[in-house]
file query_34.cif (mmCIF, C-alpha atoms)
data_input
#
loop_
_atom_site.group_PDB
_atom_site.id
_atom_site.type_symbol
_atom_site.label_atom_id
_atom_site.label_comp_id
_atom_site.auth_asym_id
_atom_site.auth_seq_id
_atom_site.Cartn_x
_atom_site.Cartn_y
_atom_site.Cartn_z
ATOM 1 C CA MET A 1 142.941 48.095 117.543
ATOM 2 C CA THR A 2 143.058 51.207 115.401
ATOM 3 C CA ILE A 3 140.292 53.695 116.027
ATOM 4 C CA GLN A 4 139.220 56.271 113.447
ATOM 5 C CA ILE A 5 139.517 59.678 115.106
ATOM 6 C CA HIS A 6 138.549 62.727 113.048
ATOM 7 C CA CYS A 7 138.958 66.135 114.655
ATOM 8 C CA PHE A 8 137.567 69.543 113.719
ATOM 9 C CA GLY A 9 138.911 72.739 115.262
ATOM 10 C CA ARG A 10 142.304 73.279 116.886
ATOM 11 C CA SER A 11 142.480 75.145 120.140
ATOM 12 C CA SER A 12 139.554 74.421 122.450
ATOM 13 C CA ARG A 13 139.656 71.599 124.969
ATOM 14 C CA GLN A 14 135.881 71.870 125.163
ATOM 15 C CA GLY A 15 133.540 70.572 122.546
ATOM 16 C CA THR A 16 131.044 68.163 121.110
ATOM 17 C CA TYR A 17 131.707 64.639 119.910
ATOM 18 C CA ALA A 18 130.176 61.662 118.169
ATOM 19 C CA LEU A 19 130.995 58.069 119.063
ATOM 20 C CA PHE A 20 130.652 55.281 116.516
ATOM 21 C CA ILE A 21 129.933 52.088 118.438
ATOM 22 C CA HIS A 22 129.908 48.584 116.973
ATOM 23 C CA LEU A 23 127.667 46.095 118.760
ATOM 24 C CA ALA A 24 128.684 42.528 117.957
ATOM 25 C CA LYS A 25 125.793 40.693 119.645
ATOM 26 C CA GLU A 26 122.084 41.314 120.201
ATOM 27 C CA LEU A 27 121.373 42.877 123.585
ATOM 28 C CA ASN A 28 118.224 43.434 125.606
ATOM 29 C CA LEU A 29 119.422 46.388 127.617
ATOM 30 C CA ALA A 30 117.929 48.635 130.262
ATOM 31 C CA PHE A 31 119.345 52.172 130.127
ATOM 32 C CA GLY A 32 119.098 52.948 133.830
ATOM 33 C CA LYS A 33 115.752 54.562 134.670
ATOM 34 C CA PHE A 34 114.965 55.409 131.039
ATOM 35 C CA HIS A 35 111.400 54.232 130.286
ATOM 36 C CA GLN A 36 111.134 53.049 133.901
ATOM 37 C CA GLY A 37 114.009 50.606 133.367
ATOM 38 C CA ARG A 38 112.284 48.699 130.564
ATOM 39 C CA THR A 39 114.703 46.807 128.324
ATOM 40 C CA ILE A 40 115.297 47.822 124.725
ATOM 41 C CA ARG A 41 116.442 45.333 122.115
ATOM 42 C CA LEU A 42 119.578 46.350 120.230
ATOM 43 C CA ASN A 43 120.535 44.330 117.191
ATOM 44 C CA PRO A 44 124.134 43.763 116.140
ATOM 45 C CA ASP A 45 124.827 46.983 114.270
ATOM 46 C CA THR A 46 126.709 50.274 114.342
ATOM 47 C CA TYR A 47 125.358 53.000 116.609
ATOM 48 C CA LEU A 48 126.025 56.734 116.864
ATOM 49 C CA TYR A 49 126.033 58.662 120.122
ATOM 50 C CA VAL A 50 126.282 62.466 120.228
ATOM 51 C CA GLY A 51 127.493 64.243 123.383
ATOM 52 C CA SER A 52 129.397 67.277 124.635
ATOM 53 C CA ALA A 53 131.879 68.270 127.344
ATOM 54 C CA LEU A 54 132.060 71.984 128.054
ATOM 55 C CA GLY A 55 133.798 72.430 131.407
ATOM 56 C CA LYS A 56 134.922 76.029 131.976
ATOM 57 C CA SER A 57 138.072 75.745 134.092
ATOM 58 C CA PRO A 58 141.080 77.224 132.184
ATOM 59 C CA ARG A 59 143.315 74.191 132.823
ATOM 60 C CA SER A 60 140.614 71.565 132.515
ATOM 61 C CA MET A 61 140.455 68.850 129.876
ATOM 62 C CA PRO A 62 136.690 68.217 129.705
ATOM 63 C CA LEU A 63 136.546 66.758 126.220
ATOM 64 C CA ALA A 64 139.495 64.398 126.665
ATOM 65 C CA ARG A 65 138.335 63.277 130.105
ATOM 66 C CA ARG A 66 134.814 62.579 128.847
ATOM 67 C CA LEU A 67 136.037 60.575 125.863
ATOM 68 C CA VAL A 68 138.434 58.508 127.967
ATOM 69 C CA ARG A 69 135.629 57.894 130.465
ATOM 70 C CA HIS A 70 133.422 56.608 127.633
ATOM 71 C CA ALA A 71 136.228 54.233 126.589
ATOM 72 C CA SER A 72 136.339 52.757 130.108
ATOM 73 C CA ARG A 73 134.040 50.186 131.671
ATOM 74 C CA SER A 74 132.853 49.727 135.234
ATOM 75 C CA GLY A 75 134.301 47.395 137.852
ATOM 76 C CA SER A 76 136.860 44.879 136.653
ATOM 77 C CA LYS A 77 135.611 44.843 133.050
ATOM 78 C CA PRO A 78 138.316 45.522 130.469
ATOM 79 C CA PRO A 79 138.299 48.966 128.825
ATOM 80 C CA HIS A 80 137.418 49.503 125.196
ATOM 81 C CA LYS A 81 140.232 48.323 122.947
ATOM 82 C CA ALA A 82 140.786 51.844 121.667
ATOM 83 C CA ARG A 83 141.247 53.532 125.051
ATOM 84 C CA GLU A 84 145.049 53.711 125.134
ATOM 85 C CA GLU A 85 145.185 54.969 121.556
ATOM 86 C CA LEU A 86 142.596 57.615 122.449
ATOM 87 C CA ILE A 87 144.664 58.762 125.456
ATOM 88 C CA ARG A 88 147.756 59.077 123.235
ATOM 89 C CA TYR A 89 145.780 61.022 120.644
ATOM 90 C CA CYS A 90 144.447 63.494 123.222
ATOM 91 C CA ARG A 91 147.933 64.086 124.655
ATOM 92 C CA GLN A 92 149.574 64.484 121.240
ATOM 93 C CA HIS A 93 146.958 66.878 119.841
ATOM 94 C CA GLY A 94 146.670 69.300 122.749
ATOM 95 C CA LEU A 95 143.316 68.064 124.036
ATOM 96 C CA ALA A 96 144.936 67.055 127.318
ATOM 97 C CA GLU A 97 148.046 67.309 129.457
ATOM 98 C CA GLN A 98 150.444 64.381 129.682
ATOM 99 C CA THR A 99 148.825 63.682 133.047
ATOM 100 C CA LEU A 100 145.595 62.475 131.397
ATOM 101 C CA GLN A 101 144.750 58.997 132.658
ATOM 102 C CA ALA A 102 141.803 56.647 132.633
ATOM 103 C CA PRO A 103 139.401 57.017 135.570
ATOM 104 C CA SER A 104 140.166 54.730 138.501
ATOM 105 C CA GLU A 105 136.472 53.906 138.834
ATOM 106 C CA LYS A 106 133.491 54.369 136.535
ATOM 107 C CA LYS A 107 129.890 54.505 137.685
ATOM 108 C CA GLN A 108 127.002 54.397 135.261
ATOM 109 C CA ARG A 109 125.634 57.926 135.113
ATOM 110 C CA TRP A 110 124.373 58.642 131.590
ATOM 111 C CA HIS A 111 122.189 56.503 129.321
ATOM 112 C CA ILE A 112 125.109 55.741 127.009
ATOM 113 C CA ASP A 113 127.104 54.265 129.909
ATOM 114 C CA TYR A 114 124.867 51.189 129.903
ATOM 115 C CA LEU A 115 125.641 50.376 126.272
ATOM 116 C CA LEU A 116 129.334 51.197 126.514
ATOM 117 C CA ASP A 117 129.658 48.992 129.596
ATOM 118 C CA SER A 118 128.777 45.901 127.544
ATOM 119 C CA GLU A 119 131.767 43.835 126.469
ATOM 120 C CA HIS A 120 129.949 43.272 123.155
ATOM 121 C CA ALA A 121 130.114 47.001 122.342
ATOM 122 C CA GLU A 122 133.305 48.648 121.085
ATOM 123 C CA ILE A 123 134.011 52.248 120.155
ATOM 124 C CA THR A 124 135.338 52.091 116.582
ATOM 125 C CA GLY A 125 135.363 55.775 115.676
ATOM 126 C CA ILE A 126 135.187 59.224 117.230
ATOM 127 C CA THR A 127 134.448 62.567 115.616
ATOM 128 C CA ILE A 128 135.663 65.446 117.797
ATOM 129 C CA ILE A 129 134.552 69.061 117.401
ATOM 130 C CA ARG A 130 136.809 71.409 119.368
ATOM 131 C CA PHE A 131 134.436 74.331 119.777
ATOM 132 C CA PRO A 132 133.286 75.941 123.054
ATOM 133 C CA ALA A 133 129.575 76.230 122.189
ATOM 134 C CA ARG A 134 127.136 73.344 122.604
ATOM 135 C CA LEU A 135 126.504 71.731 119.204
ATOM 136 C CA GLU A 136 124.788 68.526 120.365
ATOM 137 C CA THR A 137 121.349 69.480 119.111
ATOM 138 C CA ALA A 138 122.652 70.541 115.681
ATOM 139 C CA LEU A 139 124.527 67.247 115.292
ATOM 140 C CA SER A 140 121.574 65.236 116.534
ATOM 141 C CA ASP A 141 119.246 67.016 114.112
ATOM 142 C CA MET A 142 121.665 66.262 111.289
ATOM 143 C CA ALA A 143 121.773 62.575 112.254
ATOM 144 C CA LEU A 144 117.986 62.463 112.472
ATOM 145 C CA ALA A 145 117.660 63.894 108.957
ATOM 146 C CA SER A 146 119.898 61.214 107.440
ATOM 147 C CA GLU A 147 118.398 58.297 105.538
ATOM 148 C CA GLU A 148 121.221 56.167 106.981
ATOM 149 C CA THR A 149 120.048 56.420 110.613
ATOM 150 C CA PHE A 150 117.174 55.087 112.672
ATOM 151 C CA ILE A 151 115.988 56.026 116.153
ATOM 152 C CA VAL A 152 116.578 53.418 118.845
ATOM 153 C CA ALA A 153 114.144 55.065 121.306
ATOM 154 C CA ARG A 154 112.990 58.685 121.422
ATOM 155 C CA GLY A 155 114.810 60.682 124.097
ATOM 156 C CA LEU A 156 117.477 58.030 124.623
ATOM 157 C CA GLY A 157 120.885 59.494 125.431
ATOM 158 C CA ALA A 158 119.496 63.019 125.736
ATOM 159 C CA GLN A 159 118.422 63.273 129.359
ATOM 160 C CA ASP A 160 119.948 66.741 129.745
ATOM 161 C CA THR A 161 118.790 68.371 126.499
ATOM 162 C CA GLY A 162 115.011 68.002 126.455
ATOM 163 C CA ASN A 163 113.129 66.856 123.353
ATOM 164 C CA SER A 164 116.012 65.239 121.534
ATOM 165 C CA THR A 165 117.533 61.837 120.856
ATOM 166 C CA HIS A 166 121.278 61.298 120.935
ATOM 167 C CA LEU A 167 121.587 57.576 120.196
ATOM 168 C CA TYR A 168 120.949 56.333 116.656
ATOM 169 C CA GLY A 169 121.424 53.145 114.714
ATOM 170 C CA ILE A 170 123.358 53.496 111.452
ATOM 171 C CA ARG A 171 122.574 51.461 108.329
ATOM 172 C CA ASP A 172 125.724 52.272 106.333
ATOM 173 C CA PRO A 173 128.453 53.698 108.616
ATOM 174 C CA ASP A 174 130.867 54.766 105.846
ATOM 175 C CA THR A 175 128.238 56.612 103.806
ATOM 176 C CA PHE A 176 126.788 58.216 106.922
ATOM 177 C CA ARG A 177 130.114 59.327 108.370
ATOM 178 C CA HIS A 178 131.214 61.088 105.196
ATOM 179 C CA ALA A 179 127.953 63.077 104.969
ATOM 180 C CA PHE A 180 127.920 63.715 108.723
ATOM 181 C CA GLU A 181 131.415 65.182 108.772
ATOM 182 C CA THR A 182 130.699 67.317 105.709
ATOM 183 C CA GLY A 183 127.703 68.650 107.630
ATOM 184 C CA ILE A 184 129.903 69.403 110.659
ATOM 185 C CA GLU A 185 132.152 71.594 108.502
ATOM 186 C CA LYS A 186 129.068 73.553 107.376
ATOM 187 C CA ILE A 187 127.842 73.968 110.970
ATOM 188 C CA LEU A 188 131.230 75.276 112.075
ATOM 189 C CA ASN A 189 131.419 77.665 109.126
ATOM 190 C CA ARG A 190 127.999 79.076 110.075
ATOM 191 C CA GLN A 191 129.051 79.399 113.727
ATOM 192 C CA ASN A 192 132.268 81.184 112.756
ATOM 193 C CA ASP A 193 130.449 83.481 110.319
ATOM 194 C CA ALA A 194 127.988 84.390 113.078
ATOM 195 C CA GLY A 195 130.894 85.229 115.422
ATOM 196 C CA SER A 196 130.102 82.565 118.039
ATOM 197 C CA PRO A 197 132.740 81.933 120.726
#
call {"tool": "encode", "arguments": {"input": "query_34.cif", "output": "C-alpha cells"}}
result
Amino acid sequence: MTIQIHCFGRSSRQGTYALFIHLAKELNLAFGKFHQGRTIRLNPDTYLYVGSALGKSPRSMPLARRLVRHASRSGSKPPHKAREELIRYCRQHGLAEQTLQAPSEKKQRWHIDYLLDSEHAEITGITIIRFPARLETALSDMALASEETFIVARGLGAQDTGNSTHLYGIRDPDTFRHAFETGIEKILNRQNDAGSP
C-alpha cells in the first residue's frame, strides 16, 4: 500500500502531525474512558486526527516513534498496511536513525488508539510538520473552520489540550487536504516571522 506522506520543515525530529484514516466499516466504538466509556457510532468515512510529539532529548526521535506507534496495533493484530513504508520514510528523511523499529507491544493509551486498533481502519495519509513548537491547537482550529469537516464528539482525541477536539470526519478528503496544507504553510510562515523556535 502506498501512503501519502507530505512533510513540512527539514531539521527537527519533533513536531505536529495529521493522520488521514479511512474507516471501511461502521463501528460503534468506545474510546477508553471518554464519555464514561459510552460508544460512539463512526460511519464508513475518512477521519482526521491531529497530534504532536515534542520529546526534548537531543538524540530522540519523538515524531517518528509516535507515527510508527500509531501505525501499529495491539496484541497479535496486524499493523497498518503503511507501517513499513512509514518506517522507511522516517529513516530516509532524517526523522529517525536506522535503528527505528516498530514497538514490540502497544497498549491503548490515547483516544485515537481505540480507532487505530480496529482492523477496519487504515492510515492512508500523513502530514508531518517538523517544528519544535506545539501546533496542535492551530491545526485543530483550522480543521474546525473547514466546511469539509465535522466533529465526531467534542473533546475527542484532545485529552491533554483542554477545550479542543482533535478527531474530525472529512467530507471530501482531497479538497480538505489541499486547503489544510496550504494553511499549514501560512502557520509556519507566521511562526518563522515571529521568531519562534
call {"tool": "resolve_selection", "arguments": {"input": "query_34.cif", "expression": "the PyMOL selection byres ((chain A and resi 109) around 12)", "output": "list in words"}}
result
Phe31, Gly32, Lys33, Phe34, Arg69, His70, Arg73, Ser74, Lys106, Lys107, Gln108, Trp110, His111, Ile112, Asp113, Tyr114, Leu115, Leu116, Asp117, Gly157, Gln159 and Asp160 of chain A
call {"tool": "resolve_selection", "arguments": {"input": "query_34.cif", "expression": "the PyMOL selection byres ((chain A and resi 134) around 12)", "output": "PDB file with C-alpha atoms, in the coordinates of the input"}}
result
ATOM      1  CA  GLN A  14     135.881  71.870 125.163  1.00  0.00           C
ATOM      2  CA  GLY A  15     133.540  70.572 122.546  1.00  0.00           C
ATOM      3  CA  THR A  16     131.044  68.163 121.110  1.00  0.00           C
ATOM      4  CA  TYR A  17     131.707  64.639 119.910  1.00  0.00           C
ATOM      5  CA  VAL A  50     126.282  62.466 120.228  1.00  0.00           C
ATOM      6  CA  GLY A  51     127.493  64.243 123.383  1.00  0.00           C
ATOM      7  CA  SER A  52     129.397  67.277 124.635  1.00  0.00           C
ATOM      8  CA  ALA A  53     131.879  68.270 127.344  1.00  0.00           C
ATOM      9  CA  LEU A  54     132.060  71.984 128.054  1.00  0.00           C
ATOM     10  CA  GLY A  55     133.798  72.430 131.407  1.00  0.00           C
ATOM     11  CA  ILE A 129     134.552  69.061 117.401  1.00  0.00           C
ATOM     12  CA  ARG A 130     136.809  71.409 119.368  1.00  0.00           C
ATOM     13  CA  PHE A 131     134.436  74.331 119.777  1.00  0.00           C
ATOM     14  CA  PRO A 132     133.286  75.941 123.054  1.00  0.00           C
ATOM     15  CA  ALA A 133     129.575  76.230 122.189  1.00  0.00           C
ATOM     16  CA  LEU A 135     126.504  71.731 119.204  1.00  0.00           C
ATOM     17  CA  GLU A 136     124.788  68.526 120.365  1.00  0.00           C
ATOM     18  CA  THR A 137     121.349  69.480 119.111  1.00  0.00           C
ATOM     19  CA  ALA A 138     122.652  70.541 115.681  1.00  0.00           C
ATOM     20  CA  LEU A 139     124.527  67.247 115.292  1.00  0.00           C
ATOM     21  CA  SER A 140     121.574  65.236 116.534  1.00  0.00           C
ATOM     22  CA  THR A 161     118.790  68.371 126.499  1.00  0.00           C
ATOM     23  CA  ILE A 187     127.842  73.968 110.970  1.00  0.00           C
ATOM     24  CA  LEU A 188     131.230  75.276 112.075  1.00  0.00           C
ATOM     25  CA  GLN A 191     129.051  79.399 113.727  1.00  0.00           C
ATOM     26  CA  SER A 196     130.102  82.565 118.039  1.00  0.00           C
ATOM     27  CA  PRO A 197     132.740  81.933 120.726  1.00  0.00           C
TER      28      PRO A 197
END
call {"tool": "closest_atom_pairs", "arguments": {"input": "query_34.cif", "of": "segment 104-140 of chain A", "to": "segment 35-48 of chain A", "cutoff": "10 Å", "atoms": "all atoms listed in the file", "output": "Markdown table"}}
result
| residue | atom | partner | partner_atom | distance |
| --- | --- | --- | --- | --- |
| A:Leu115 | CA | A:Leu42 | CA | 9.5 |
| A:His120 | CA | A:Pro44 | CA | 9.1 |
| A:Ala121 | CA | A:Pro44 | CA | 9.2 |
| A:Glu122 | CA | A:Thr46 | CA | 9.6 |
| A:Ile123 | CA | A:Tyr47 | CA | 9.4 |
| A:Thr124 | CA | A:Thr46 | CA | 9.1 |
| A:Gly125 | CA | A:Leu48 | CA | 9.5 |
| A:Ile126 | CA | A:Leu48 | CA | 9.5 |
| A:Ser140 | CA | A:Leu48 | CA | 9.6 |
call {"tool": "resolve_selection", "arguments": {"input": "query_34.cif", "expression": "the PyMOL selection byres ((chain A and resi 93) around 12)", "output": "list in words"}}
result
Ile5, His6, Cys7, Phe8, Gly9, Arg10, Ser11, Ser12, Arg13, Ala64, Leu86, Ile87, Arg88, Tyr89, Cys90, Arg91, Gln92, Gly94, Leu95, Ala96, Glu97, Gln98, Ile128 and Arg130 of chain A
call {"tool": "atom_distance", "arguments": {"input": "query_34.cif", "atom1": "atom CA of Ala153 of chain A", "atom2": "atom CA of Ile184 of chain A"}}
result
23.8 Å
